[in-house]
$ cat run-v9.pdb   # PDB, C-alpha atoms
ATOM      1  CA  MET A   1     -32.303 315.828  55.116
ATOM      2  CA  MET A   2     -35.665 315.126  53.463
ATOM      3  CA  SER A   3     -38.661 314.477  55.700
ATOM      4  CA  PRO A   4     -40.548 311.207  55.213
ATOM      5  CA  GLN A   5     -43.557 313.129  53.890
ATOM      6  CA  ASP A   6     -41.390 315.037  51.411
ATOM      7  CA  LEU A   7     -39.980 311.729  50.202
ATOM      8  CA  LYS A   8     -43.498 310.321  49.900
ATOM      9  CA  LEU A   9     -44.392 313.262  47.672
ATOM     10  CA  ALA A  10     -41.278 312.767  45.526
ATOM     11  CA  LEU A  11     -42.140 309.088  45.062
ATOM     12  CA  SER A  12     -45.742 309.833  44.078
ATOM     13  CA  SER A  13     -45.088 310.823  40.465
ATOM     14  CA  GLY A  14     -42.530 310.364  37.748
ATOM     15  CA  LEU A  15     -40.382 307.400  36.815
ATOM     16  CA  LEU A  16     -38.308 305.722  39.526
ATOM     17  CA  SER A  17     -35.205 303.650  38.899
ATOM     18  CA  PHE A  18     -32.400 301.754  40.616
ATOM     19  CA  PRO A  19     -28.914 302.180  39.129
ATOM     20  CA  LEU A  20     -26.600 299.266  38.588
ATOM     21  CA  THR A  21     -23.598 298.959  40.886
ATOM     22  CA  ASP A  22     -20.297 299.158  39.004
ATOM     23  CA  PHE A  23     -17.714 296.399  39.497
ATOM     24  CA  ASP A  24     -14.278 296.141  37.917
ATOM     25  CA  THR A  25     -12.908 292.996  36.274
ATOM     26  CA  GLN A  26     -11.934 291.679  39.711
ATOM     27  CA  LEU A  27     -15.527 292.242  40.924
ATOM     28  CA  ARG A  28     -14.509 295.109  43.221
ATOM     29  CA  PHE A  29     -16.794 298.140  43.614
ATOM     30  CA  GLU A  30     -15.715 300.858  41.198
ATOM     31  CA  PRO A  31     -16.853 304.236  42.612
ATOM     32  CA  ALA A  32     -15.696 306.446  39.727
ATOM     33  CA  GLY A  33     -17.698 304.417  37.221
ATOM     34  CA  TYR A  34     -20.713 304.426  39.522
ATOM     35  CA  ALA A  35     -20.585 308.208  39.914
ATOM     36  CA  ALA A  36     -20.278 308.606  36.138
ATOM     37  CA  ARG A  37     -23.306 306.334  35.686
ATOM     38  CA  LEU A  38     -25.392 308.513  37.986
ATOM     39  CA  GLU A  39     -24.262 311.658  36.175
ATOM     40  CA  TRP A  40     -25.321 310.064  32.884
ATOM     41  CA  LEU A  41     -28.743 308.988  34.117
ATOM     42  CA  MET A  42     -29.810 312.010  36.163
ATOM     43  CA  PRO A  43     -30.596 314.379  33.265
ATOM     44  CA  TYR A  44     -33.174 311.924  31.881
ATOM     45  CA  GLY A  45     -35.483 312.880  34.729
ATOM     46  CA  ALA A  46     -36.072 309.982  37.123
ATOM     47  CA  SER A  47     -37.739 311.441  40.213
ATOM     48  CA  VAL A  48     -35.966 309.167  42.746
ATOM     49  CA  LEU A  49     -33.034 306.752  42.420
ATOM     50  CA  PHE A  50     -32.572 303.617  44.547
ATOM     51  CA  ALA A  51     -28.927 302.948  45.419
ATOM     52  CA  ALA A  52     -27.843 299.405  46.278
ATOM     53  CA  GLY A  53     -31.244 298.008  45.379
ATOM     54  CA  GLY A  54     -32.001 294.613  43.901
ATOM     55  CA  THR A  55     -30.710 295.515  40.431
ATOM     56  CA  GLY A  56     -27.805 297.187  42.221
ATOM     57  CA  GLU A  57     -26.911 293.723  43.598
ATOM     58  CA  PHE A  58     -27.435 294.690  47.246
ATOM     59  CA  PHE A  59     -27.352 290.987  48.136
ATOM     60  CA  SER A  60     -23.737 290.717  46.934
ATOM     61  CA  LEU A  61     -22.361 293.790  48.748
ATOM     62  CA  GLU A  62     -20.478 293.488  52.017
ATOM     63  CA  PRO A  63     -20.991 296.241  54.608
ATOM     64  CA  VAL A  64     -17.986 298.428  53.741
ATOM     65  CA  GLU A  65     -18.889 298.352  50.058
ATOM     66  CA  TYR A  66     -22.494 299.159  50.903
ATOM     67  CA  SER A  67     -21.390 302.309  52.711
ATOM     68  CA  GLN A  68     -19.246 303.293  49.722
ATOM     69  CA  VAL A  69     -22.104 302.776  47.267
ATOM     70  CA  VAL A  70     -24.577 304.849  49.277
ATOM     71  CA  LYS A  71     -22.020 307.567  50.003
ATOM     72  CA  THR A  72     -21.077 307.843  46.316
ATOM     73  CA  ALA A  73     -24.729 308.044  45.282
ATOM     74  CA  VAL A  74     -25.587 310.696  47.869
ATOM     75  CA  GLU A  75     -22.551 312.839  47.104
ATOM     76  CA  THR A  76     -23.072 312.596  43.348
ATOM     77  CA  CYS A  77     -26.817 313.310  43.364
ATOM     78  CA  ARG A  78     -27.010 315.725  46.312
ATOM     79  CA  GLY A  79     -29.520 318.501  45.687
ATOM     80  CA  ARG A  80     -30.620 317.034  42.362
ATOM     81  CA  VAL A  81     -32.226 313.599  42.845
ATOM     82  CA  PRO A  82     -33.232 311.967  46.159
ATOM     83  CA  ILE A  83     -31.421 308.734  46.981
ATOM     84  CA  VAL A  84     -33.237 305.826  48.632
ATOM     85  CA  ALA A  85     -30.893 303.075  49.802
ATOM     86  CA  GLY A  86     -31.686 299.382  49.878
ATOM     87  CA  ALA A  87     -31.467 297.554  53.213
ATOM     88  CA  GLY A  88     -32.238 293.947  53.945
ATOM     89  CA  GLY A  89     -31.262 290.675  55.561
ATOM     90  CA  GLY A  90     -32.160 289.586  59.080
ATOM     91  CA  THR A  91     -33.546 292.233  61.403
ATOM     92  CA  THR A  92     -30.294 293.100  63.203
ATOM     93  CA  LEU A  93     -28.411 293.428  59.922
ATOM     94  CA  ALA A  94     -31.233 295.332  58.198
ATOM     95  CA  VAL A  95     -31.297 297.832  61.080
ATOM     96  CA  ARG A  96     -27.548 298.381  60.762
ATOM     97  CA  TYR A  97     -27.764 298.876  57.001
ATOM     98  CA  ALA A  98     -30.624 301.345  57.432
ATOM     99  CA  GLN A  99     -28.748 303.311  60.079
ATOM    100  CA  GLU A 100     -25.634 303.397  57.915
ATOM    101  CA  ALA A 101     -27.626 304.651  54.939
ATOM    102  CA  GLU A 102     -29.088 307.408  57.112
ATOM    103  CA  ARG A 103     -25.594 308.288  58.359
ATOM    104  CA  MET A 104     -24.368 308.497  54.756
ATOM    105  CA  GLY A 105     -27.142 310.974  53.947
ATOM    106  CA  ALA A 106     -29.700 308.829  52.109
ATOM    107  CA  GLN A 107     -33.206 310.317  52.034
ATOM    108  CA  GLY A 108     -34.954 306.998  52.557
ATOM    109  CA  ILE A 109     -34.762 303.218  52.887
ATOM    110  CA  LEU A 110     -36.161 300.540  50.601
ATOM    111  CA  LEU A 111     -36.573 297.584  52.957
ATOM    112  CA  LEU A 112     -35.805 294.558  50.816
ATOM    113  CA  PRO A 113     -37.003 291.052  51.755
ATOM    114  CA  HIS A 114     -35.271 289.324  54.632
ATOM    115  CA  TYR A 115     -33.160 286.241  54.159
ATOM    116  CA  LEU A 116     -33.998 282.598  53.420
ATOM    117  CA  THR A 117     -36.596 281.619  55.985
ATOM    118  CA  GLU A 118     -40.287 282.246  55.709
ATOM    119  CA  ALA A 119     -41.886 284.174  58.562
ATOM    120  CA  THR A 120     -45.189 284.685  60.314
ATOM    121  CA  GLN A 121     -47.066 287.946  59.891
ATOM    122  CA  GLU A 122     -46.171 288.791  63.502
ATOM    123  CA  GLY A 123     -42.506 288.276  62.721
ATOM    124  CA  LEU A 124     -42.680 290.415  59.598
ATOM    125  CA  VAL A 125     -44.411 293.212  61.511
ATOM    126  CA  ALA A 126     -41.705 293.123  64.199
ATOM    127  CA  HIS A 127     -38.997 293.167  61.520
ATOM    128  CA  VAL A 128     -40.395 296.180  59.657
ATOM    129  CA  GLU A 129     -41.141 298.049  62.875
ATOM    130  CA  ALA A 130     -37.593 297.537  64.159
ATOM    131  CA  VAL A 131     -36.112 299.049  61.011
ATOM    132  CA  CYS A 132     -38.550 301.979  60.958
ATOM    133  CA  LYS A 133     -37.869 302.829  64.606
ATOM    134  CA  ALA A 134     -34.097 302.676  64.078
ATOM    135  CA  VAL A 135     -34.091 305.646  61.651
ATOM    136  CA  LYS A 136     -35.817 308.976  61.154
ATOM    137  CA  ILE A 137     -35.885 308.906  57.356
ATOM    138  CA  GLY A 138     -38.719 307.456  55.290
ATOM    139  CA  VAL A 139     -39.031 303.708  54.758
ATOM    140  CA  ILE A 140     -40.661 301.832  51.866
ATOM    141  CA  VAL A 141     -41.331 298.133  52.411
ATOM    142  CA  TYR A 142     -40.894 295.789  49.435
ATOM    143  CA  ASN A 143     -43.409 292.928  49.305
ATOM    144  CA  ARG A 144     -41.501 290.271  47.402
ATOM    145  CA  GLY A 145     -39.906 286.898  47.984
ATOM    146  CA  ALA A 146     -40.259 285.851  51.623
ATOM    147  CA  CYS A 147     -41.831 289.181  52.630
ATOM    148  CA  LYS A 148     -45.563 288.885  52.017
ATOM    149  CA  LEU A 149     -47.254 291.394  54.295
ATOM    150  CA  THR A 150     -51.042 291.536  54.416
ATOM    151  CA  ALA A 151     -53.351 294.522  54.841
ATOM    152  CA  ALA A 152     -54.052 293.404  58.418
ATOM    153  CA  SER A 153     -50.317 293.545  59.176
ATOM    154  CA  LEU A 154     -49.734 296.883  57.483
ATOM    155  CA  LEU A 155     -52.501 298.617  59.458
ATOM    156  CA  PRO A 156     -50.706 298.499  62.846
ATOM    157  CA  LEU A 157     -47.402 299.318  61.161
ATOM    158  CA  ALA A 158     -48.985 302.414  59.633
ATOM    159  CA  GLU A 159     -50.204 303.459  63.083
ATOM    160  CA  ARG A 160     -46.963 302.791  64.960
ATOM    161  CA  CYS A 161     -44.415 303.851  62.332
ATOM    162  CA  PRO A 162     -45.070 307.330  60.926
ATOM    163  CA  ASN A 163     -41.931 307.120  58.779
ATOM    164  CA  LEU A 164     -43.221 304.008  56.976
ATOM    165  CA  ILE A 165     -44.415 305.936  53.942
ATOM    166  CA  GLY A 166     -44.382 303.480  51.051
ATOM    167  CA  PHE A 167     -45.410 300.036  49.867
ATOM    168  CA  LYS A 168     -43.708 298.486  46.856
ATOM    169  CA  ASP A 169     -45.131 295.325  45.331
ATOM    170  CA  GLY A 170     -43.192 292.656  43.484
ATOM    171  CA  LEU A 171     -45.562 289.741  44.082
ATOM    172  CA  GLY A 172     -48.303 290.435  41.553
ATOM    173  CA  ASP A 173     -50.983 289.163  43.923
ATOM    174  CA  ILE A 174     -53.999 291.193  42.794
ATOM    175  CA  GLU A 175     -56.250 290.246  45.694
ATOM    176  CA  ARG A 176     -53.577 291.268  48.204
ATOM    177  CA  ILE A 177     -52.963 294.601  46.455
ATOM    178  CA  VAL A 178     -56.677 295.425  46.352
ATOM    179  CA  GLN A 179     -57.061 294.626  50.050
ATOM    180  CA  ILE A 180     -54.052 296.767  50.976
ATOM    181  CA  ARG A 181     -55.096 299.653  48.745
ATOM    182  CA  GLN A 182     -58.664 299.629  50.048
ATOM    183  CA  ARG A 183     -57.758 299.399  53.726
ATOM    184  CA  LEU A 184     -54.703 301.682  53.799
ATOM    185  CA  GLY A 185     -55.897 304.265  51.285
ATOM    186  CA  ASP A 186     -53.540 307.199  50.852
ATOM    187  CA  ARG A 187     -51.513 306.395  53.968
ATOM    188  CA  PHE A 188     -48.783 304.987  51.699
ATOM    189  CA  VAL A 189     -47.351 305.793  48.317
ATOM    190  CA  TYR A 190     -47.795 302.643  46.206
ATOM    191  CA  ILE A 191     -45.003 301.582  43.848
ATOM    192  CA  GLY A 192     -44.993 298.860  41.224
ATOM    193  CA  GLY A 193     -41.933 296.649  41.510
ATOM    194  CA  MET A 194     -42.456 293.663  39.255
ATOM    195  CA  PRO A 195     -39.459 292.676  37.101
ATOM    196  CA  THR A 196     -39.735 294.709  33.878
ATOM    197  CA  HIS A 197     -42.722 296.484  35.360
ATOM    198  CA  GLU A 198     -43.588 298.254  32.125
ATOM    199  CA  VAL A 199     -45.386 295.066  31.095
ATOM    200  CA  TYR A 200     -47.577 295.308  34.234
ATOM    201  CA  ALA A 201     -47.946 299.090  34.376
ATOM    202  CA  ASN A 202     -51.477 299.466  33.009
ATOM    203  CA  ALA A 203     -52.839 296.641  35.154
ATOM    204  CA  TYR A 204     -51.256 298.088  38.298
ATOM    205  CA  GLN A 205     -52.566 301.560  37.487
ATOM    206  CA  ALA A 206     -56.076 300.123  37.525
ATOM    207  CA  LEU A 207     -55.339 298.754  41.021
ATOM    208  CA  GLY A 208     -54.342 302.197  42.304
ATOM    209  CA  VAL A 209     -50.575 301.768  41.895
ATOM    210  CA  PRO A 210     -49.665 304.487  39.391
ATOM    211  CA  VAL A 211     -45.876 304.742  39.750
ATOM    212  CA  TYR A 212     -43.211 302.113  39.200
ATOM    213  CA  SER A 213     -39.470 301.571  39.079
ATOM    214  CA  SER A 214     -37.806 300.816  35.755
ATOM    215  CA  ALA A 215     -34.815 298.528  35.267
ATOM    216  CA  VAL A 216     -34.378 299.298  31.563
ATOM    217  CA  PHE A 217     -33.823 302.971  32.481
ATOM    218  CA  ASN A 218     -30.262 301.764  33.177
ATOM    219  CA  PHE A 219     -29.473 301.277  29.494
ATOM    220  CA  VAL A 220     -32.317 302.713  27.371
ATOM    221  CA  PRO A 221     -33.287 305.744  29.479
ATOM    222  CA  ARG A 222     -34.843 307.650  26.594
ATOM    223  CA  THR A 223     -37.120 304.720  25.804
ATOM    224  CA  ALA A 224     -37.952 304.176  29.488
ATOM    225  CA  ILE A 225     -39.005 307.825  29.836
ATOM    226  CA  GLU A 226     -40.895 307.721  26.525
ATOM    227  CA  PHE A 227     -42.867 304.709  27.743
ATOM    228  CA  TYR A 228     -43.576 306.274  31.140
ATOM    229  CA  ASN A 229     -44.731 309.584  29.639
ATOM    230  CA  ALA A 230     -47.028 307.773  27.205
ATOM    231  CA  TYR A 231     -48.378 305.567  29.988
ATOM    232  CA  ALA A 232     -49.017 308.573  32.249
ATOM    233  CA  ALA A 233     -50.788 310.389  29.396
ATOM    234  CA  GLY A 234     -52.944 307.397  28.468
ATOM    235  CA  ASP A 235     -51.240 307.092  25.075
ATOM    236  CA  ALA A 236     -52.029 303.428  24.421
ATOM    237  CA  ALA A 237     -50.705 303.561  20.861
ATOM    238  CA  THR A 238     -47.188 304.428  22.010
ATOM    239  CA  THR A 239     -47.108 302.029  24.954
ATOM    240  CA  GLY A 240     -48.480 299.251  22.756
ATOM    241  CA  ARG A 241     -45.866 299.902  20.088
ATOM    242  CA  LEU A 242     -43.014 299.852  22.610
ATOM    243  CA  LEU A 243     -44.328 296.677  24.217
ATOM    244  CA  ASP A 244     -44.372 294.944  20.832
ATOM    245  CA  GLU A 245     -41.086 296.375  19.541
ATOM    246  CA  PHE A 246     -38.988 296.140  22.669
ATOM    247  CA  PHE A 247     -40.399 294.937  25.991
ATOM    248  CA  LEU A 248     -41.959 291.621  24.945
ATOM    249  CA  PRO A 249     -38.913 290.501  22.889
ATOM    250  CA  TYR A 250     -36.738 291.656  25.795
ATOM    251  CA  LEU A 251     -38.692 289.376  28.139
ATOM    252  CA  GLU A 252     -38.007 286.426  25.848
ATOM    253  CA  ILE A 253     -34.273 286.894  26.470
ATOM    254  CA  ARG A 254     -34.638 287.731  30.166
ATOM    255  CA  ASN A 255     -36.699 284.635  30.906
ATOM    256  CA  ARG A 256     -34.020 282.215  29.680
ATOM    257  CA  GLY A 257     -32.028 282.231  32.904
ATOM    258  CA  GLN A 258     -32.568 282.494  36.643
ATOM    259  CA  GLY A 259     -31.321 285.890  37.833
ATOM    260  CA  TYR A 260     -31.311 287.300  34.313
ATOM    261  CA  ALA A 261     -33.542 290.184  35.476
ATOM    262  CA  VAL A 262     -30.288 291.700  36.776
ATOM    263  CA  SER A 263     -27.831 290.158  34.311
ATOM    264  CA  ILE A 264     -29.657 291.408  31.225
ATOM    265  CA  VAL A 265     -29.604 294.983  32.562
ATOM    266  CA  LYS A 266     -25.831 294.833  33.021
ATOM    267  CA  ALA A 267     -25.513 293.396  29.521
ATOM    268  CA  GLY A 268     -27.653 296.214  28.135
ATOM    269  CA  ALA A 269     -25.511 298.848  29.852
ATOM    270  CA  ALA A 270     -22.408 297.348  28.249
ATOM    271  CA  VAL A 271     -24.070 297.290  24.813
ATOM    272  CA  VAL A 272     -24.814 301.040  24.950
ATOM    273  CA  GLY A 273     -21.279 301.930  26.076
ATOM    274  CA  HIS A 274     -21.934 302.367  29.803
ATOM    275  CA  SER A 275     -20.657 299.055  31.142
ATOM    276  CA  ALA A 276     -21.007 298.425  34.874
ATOM    277  CA  GLY A 277     -18.821 295.332  34.686
ATOM    278  CA  PRO A 278     -19.929 291.746  35.250
ATOM    279  CA  VAL A 279     -22.502 290.512  37.739
ATOM    280  CA  ARG A 280     -21.239 288.852  40.882
ATOM    281  CA  PRO A 281     -21.880 285.191  41.673
ATOM    282  CA  PRO A 282     -24.250 283.547  42.272
ATOM    283  CA  LEU A 283     -25.651 285.500  39.284
ATOM    284  CA  SER A 284     -24.198 284.727  35.863
ATOM    285  CA  ASP A 285     -23.786 286.916  32.813
ATOM    286  CA  LEU A 286     -25.746 286.477  29.592
ATOM    287  CA  LYS A 287     -24.281 284.121  27.022
ATOM    288  CA  PRO A 288     -22.601 285.804  24.003
ATOM    289  CA  ALA A 289     -25.440 284.875  21.613
ATOM    290  CA  GLU A 290     -27.969 286.368  24.027
ATOM    291  CA  VAL A 291     -25.964 289.584  24.236
ATOM    292  CA  GLU A 292     -26.039 289.860  20.447
ATOM    293  CA  GLN A 293     -29.798 289.369  20.406
ATOM    294  CA  LEU A 294     -30.123 292.109  23.010
ATOM    295  CA  ARG A 295     -27.818 294.343  20.978
ATOM    296  CA  ALA A 296     -30.004 293.982  17.901
ATOM    297  CA  LEU A 297     -33.089 294.775  19.953
ATOM    298  CA  ILE A 298     -31.547 297.917  21.415
ATOM    299  CA  GLN A 299     -30.258 299.101  18.051
ATOM    300  CA  ARG A 300     -33.799 299.065  16.657
ATOM    301  CA  LEU A 301     -34.767 301.681  19.258
ATOM    302  CA  GLY A 302     -32.300 304.230  17.924
ATOM    303  CA  PRO A 303     -29.988 306.567  19.910
ATOM    304  CA  GLN A 304     -30.585 306.903  23.619
TER     305      GLN A 304
END

$ encode --input "run-v9.pdb" --output "structure tokens"
Amino acid sequence: MMSPQDLKLALSSGLLSFPLTDFDTQLRFEPAGYAARLEWLMPYGASVLFAAGGTGEFFSLEPVEYSQVVKTAVETCRGRVPIVAGAGGGTTLAVRYAQEAERMGAQGILLLPHYLTEATQEGLVAHVEAVCKAVKIGVIVYNRGACKLTAASLLPLAERCPNLIGFKDGLGDIERIVQIRQRLGDRFVYIGGMPTHEVYANAYQALGVPVYSSAVFNFVPRTAIEFYNAYAAGDAATTGRLLDEFFLPYLEIRNRGQGYAVSIVKAGAAVVGHSAGPVRPPLSDLKPAEVEQLRALIQRLGPQ
């Protein structure tokens, strides 16, 4: 068991990432492949891994599979890398997912956006508070999609929920981030969560959000760590080179299809010999020509 404050400290530095979830050709969860993926990625040095997160296709997992994913991650990484499990959906379901993740031994919860409907700030506060009070482990709330919490809403949550230790942003709303950072100060750990966040990293650092989660760590972990280390050291020459050589051309492929932020990561894993299988509907896999363009891009980076 890791205390919420210990988790907050672990999240405060280093590169974070969220492993893909392995599916077989029949789109069933494949635990052996998932465990092997975690064993492959851990030595590269991510400080925390998010199991069943957005890139892990949380939205496509049914409850029994979710338990299997979190259990496999915890058992594989125990004592080496903390595991934060995704939880989301309507409040009742999100509470159950969070409690199951805690039961499986996860060190924290990443509270993903709720379902389809938009909500008032009062409703969002009640939703987050219900999840926080249902578990003892640390909770990070993800501002993205339909979840758009304001500083005024986070203040009472910070007071009433001591285990709410983190705020992850995937909206890119600068004014909102500045307001939250100014009013909440060091109460939270702040995490960048934009798709392909490396492109946003320097801008977010200036806003007081120094750490981020990396999707490309799933298939080019050496490059992901190289970029993070250069970014953390203020090495603009290296980050600029990697943006030009890899990240910006990568975005050109990623932006061709809705949902490709996940699909392109699974394609990349297959290209480097660590396939996690296909994505589940409603996502769709990259087209063959797009996979070949991605392959050429990855090959230019050299061995990972």

$ closest_residue --input "run-v9.pdb" --among "A:Cys132, A:Val81, A:Leu155, A:Leu9" --to "A:Pro43" --atoms "all atoms listed in the file"
A:Val81

$ resolve_selection --input "run-v9.pdb" --expression "the PyMOL selection byres ((chain A and resi 115-122) around 6)" --output "count of residues only"
6

$ axis_aligned_box --input "run-v9.pdb" --around "stretch 117-129 of chain A" --padding-each-side "5 Å" --output "JSON"
{"center_x": -41.8, "center_y": 289.8, "center_z": 60.0, "size_x": 20.5, "size_y": 26.4, "size_z": 18.5}

$ atom_distance --input "run-v9.pdb" --atom1 "atom CA of A:Lys8" --atom2 "atom CA of A:Ile140"
9.2 Å

$ residues_around --input "run-v9.pdb" --residues "A:Val48" --least-positions-apart "5" --cutoff "8 Å" --atoms "all atoms listed in the file" --output "NGL selection string"
:A and (10-11 or 15-17 or 81-84)

$ residues_around --input "run-v9.pdb" --residues "A:Gln293" --least-positions-apart "5" --cutoff "10 Å" --atoms "all atoms listed in the file" --output "count of residues only"
5

$ closest_residue --input "run-v9.pdb" --among "A:Ala35, A:Gly108, A:Gly14, A:Leu251" --to "A:Ile191" --atoms "only C-alpha atoms"
A:Gly14

$ resolve_selection --input "run-v9.pdb" --expression "the PyMOL selection byres ((chain A and resi 295) around 12)" --output "PyMOL selection string"
chain A and resi 219-220+246+249-250+253+264-265+267-273+286+288-294+296-302

$ residues_around --input "run-v9.pdb" --residues "A:Tyr34" --least-positions-apart "5" --cutoff "9 Å" --atoms "only C-alpha atoms" --output "list in words"
Pro19, Leu20, Thr21, Asp22, Phe23, Phe29, Glu39, Val69, Thr72, Ala73 and Ala276 of chain A

$ write_last_selection --input "run-v9.pdb" --atoms "C-alpha atoms" --output "mmCIF file, in the coordinates of the input"
data_model
loop_
_atom_site.group_PDB
_atom_site.id
_atom_site.type_symbol
_atom_site.label_atom_id
_atom_site.label_comp_id
_atom_site.auth_asym_id
_atom_site.auth_seq_id
_atom_site.Cartn_x
_atom_site.Cartn_y
_atom_site.Cartn_z
ATOM 1 C CA PRO A 19 -28.914 302.180 39.129
ATOM 2 C CA LEU A 20 -26.600 299.266 38.588
ATOM 3 C CA THR A 21 -23.598 298.959 40.886
ATOM 4 C CA ASP A 22 -20.297 299.158 39.004
ATOM 5 C CA PHE A 23 -17.714 296.399 39.497
ATOM 6 C CA PHE A 29 -16.794 298.140 43.614
ATOM 7 C CA GLU A 39 -24.262 311.658 36.175
ATOM 8 C CA VAL A 69 -22.104 302.776 47.267
ATOM 9 C CA THR A 72 -21.077 307.843 46.316
ATOM 10 C CA ALA A 73 -24.729 308.044 45.282
ATOM 11 C CA ALA A 276 -21.007 298.425 34.874
#

$ closest_residue --input "run-v9.pdb" --among "A:Val135, A:Ala203, A:Leu110, A:Met2" --to "A:Pro162" --atoms "all atoms listed in the file"
A:Val135

$ residues_around --input "run-v9.pdb" --residues "A:Glu226" --least-positions-apart "6" --cutoff "12 Å" --atoms "all atoms listed in the file" --output "PDB file with C-alpha atoms, keeping the file's coordinate frame"
ATOM      1  CA  GLY A  14     -42.530 310.364  37.748  1.00  0.00           C
ATOM      2  CA  LEU A  15     -40.382 307.400  36.815  1.00  0.00           C
ATOM      3  CA  TYR A  44     -33.174 311.924  31.881  1.00  0.00           C
ATOM      4  CA  GLY A  45     -35.483 312.880  34.729  1.00  0.00           C
ATOM      5  CA  ALA A  46     -36.072 309.982  37.123  1.00  0.00           C
ATOM      6  CA  GLU A 198     -43.588 298.254  32.125  1.00  0.00           C
ATOM      7  CA  SER A 214     -37.806 300.816  35.755  1.00  0.00           C
ATOM      8  CA  VAL A 216     -34.378 299.298  31.563  1.00  0.00           C
ATOM      9  CA  PHE A 217     -33.823 302.971  32.481  1.00  0.00           C
ATOM     10  CA  VAL A 220     -32.317 302.713  27.371  1.00  0.00           C
ATOM     11  CA  ALA A 232     -49.017 308.573  32.249  1.00  0.00           C
ATOM     12  CA  ALA A 233     -50.788 310.389  29.396  1.00  0.00           C
ATOM     13  CA  ASP A 235     -51.240 307.092  25.075  1.00  0.00           C
ATOM     14  CA  THR A 238     -47.188 304.428  22.010  1.00  0.00           C
ATOM     15  CA  THR A 239     -47.108 302.029  24.954  1.00  0.00           C
ATOM     16  CA  GLY A 240     -48.480 299.251  22.756  1.00  0.00           C
ATOM     17  CA  ARG A 241     -45.866 299.902  20.088  1.00  0.00           C
ATOM     18  CA  LEU A 242     -43.014 299.852  22.610  1.00  0.00           C
ATOM     19  CA  LEU A 243     -44.328 296.677  24.217  1.00  0.00           C
ATOM     20  CA  LEU A 301     -34.767 301.681  19.258  1.00  0.00           C
ATOM     21  CA  GLN A 304     -30.585 306.903  23.619  1.00  0.00           C
TER      22      GLN A 304
END

$ atom_distance --input "run-v9.pdb" --atom1 "atom CA of A:Val262" --atom2 "atom CA of A:Thr55"
5.3 Å

$ residues_near_point --input "run-v9.pdb" --point "(-20.0, 304.3, 49.5)" --cutoff "12 Å" --atoms "all atoms listed in the file" --output "ChimeraX atom specification"
/A:21-22,29-32,34-35,51-52,61-76,85,100-101,103-106

$ write_last_selection --input "run-v9.pdb" --atoms "C-alpha atoms" --output "tab-separated table (two decimals), in the coordinates of the input"
chain	number	residue	atom	x	y	z
A	21	THR	CA	-23.60	298.96	40.89
A	22	ASP	CA	-20.30	299.16	39.00
A	29	PHE	CA	-16.79	298.14	43.61
A	30	GLU	CA	-15.72	300.86	41.20
A	31	PRO	CA	-16.85	304.24	42.61
A	32	ALA	CA	-15.70	306.45	39.73
A	34	TYR	CA	-20.71	304.43	39.52
A	35	ALA	CA	-20.58	308.21	39.91
A	51	ALA	CA	-28.93	302.95	45.42
A	52	ALA	CA	-27.84	299.40	46.28
A	61	LEU	CA	-22.36	293.79	48.75
A	62	GLU	CA	-20.48	293.49	52.02
A	63	PRO	CA	-20.99	296.24	54.61
A	64	VAL	CA	-17.99	298.43	53.74
A	65	GLU	CA	-18.89	298.35	50.06
A	66	TYR	CA	-22.49	299.16	50.90
A	67	SER	CA	-21.39	302.31	52.71
A	68	GLN	CA	-19.25	303.29	49.72
A	69	VAL	CA	-22.10	302.78	47.27
A	70	VAL	CA	-24.58	304.85	49.28
A	71	LYS	CA	-22.02	307.57	50.00
A	72	THR	CA	-21.08	307.84	46.32
A	73	ALA	CA	-24.73	308.04	45.28
A	74	VAL	CA	-25.59	310.70	47.87
A	75	GLU	CA	-22.55	312.84	47.10
A	76	THR	CA	-23.07	312.60	43.35
A	85	ALA	CA	-30.89	303.08	49.80
A	100	GLU	CA	-25.63	303.40	57.92
A	101	ALA	CA	-27.63	304.65	54.94
A	103	ARG	CA	-25.59	308.29	58.36
A	104	MET	CA	-24.37	308.50	54.76
A	105	GLY	CA	-27.14	310.97	53.95
A	106	ALA	CA	-29.70	308.83	52.11

$ closest_residue --input "run-v9.pdb" --among "A:Ser263, A:Gln99, A:Ser213, A:Thr196" --to "A:Pro278" --atoms "all atoms listed in the file"
A:Ser263

$ closest_residue --input "run-v9.pdb" --among "A:Leu164, A:Leu27, A:Ala134, A:Ile109" --to "A:Gln5" --atoms "all atoms listed in the file"
A:Leu164
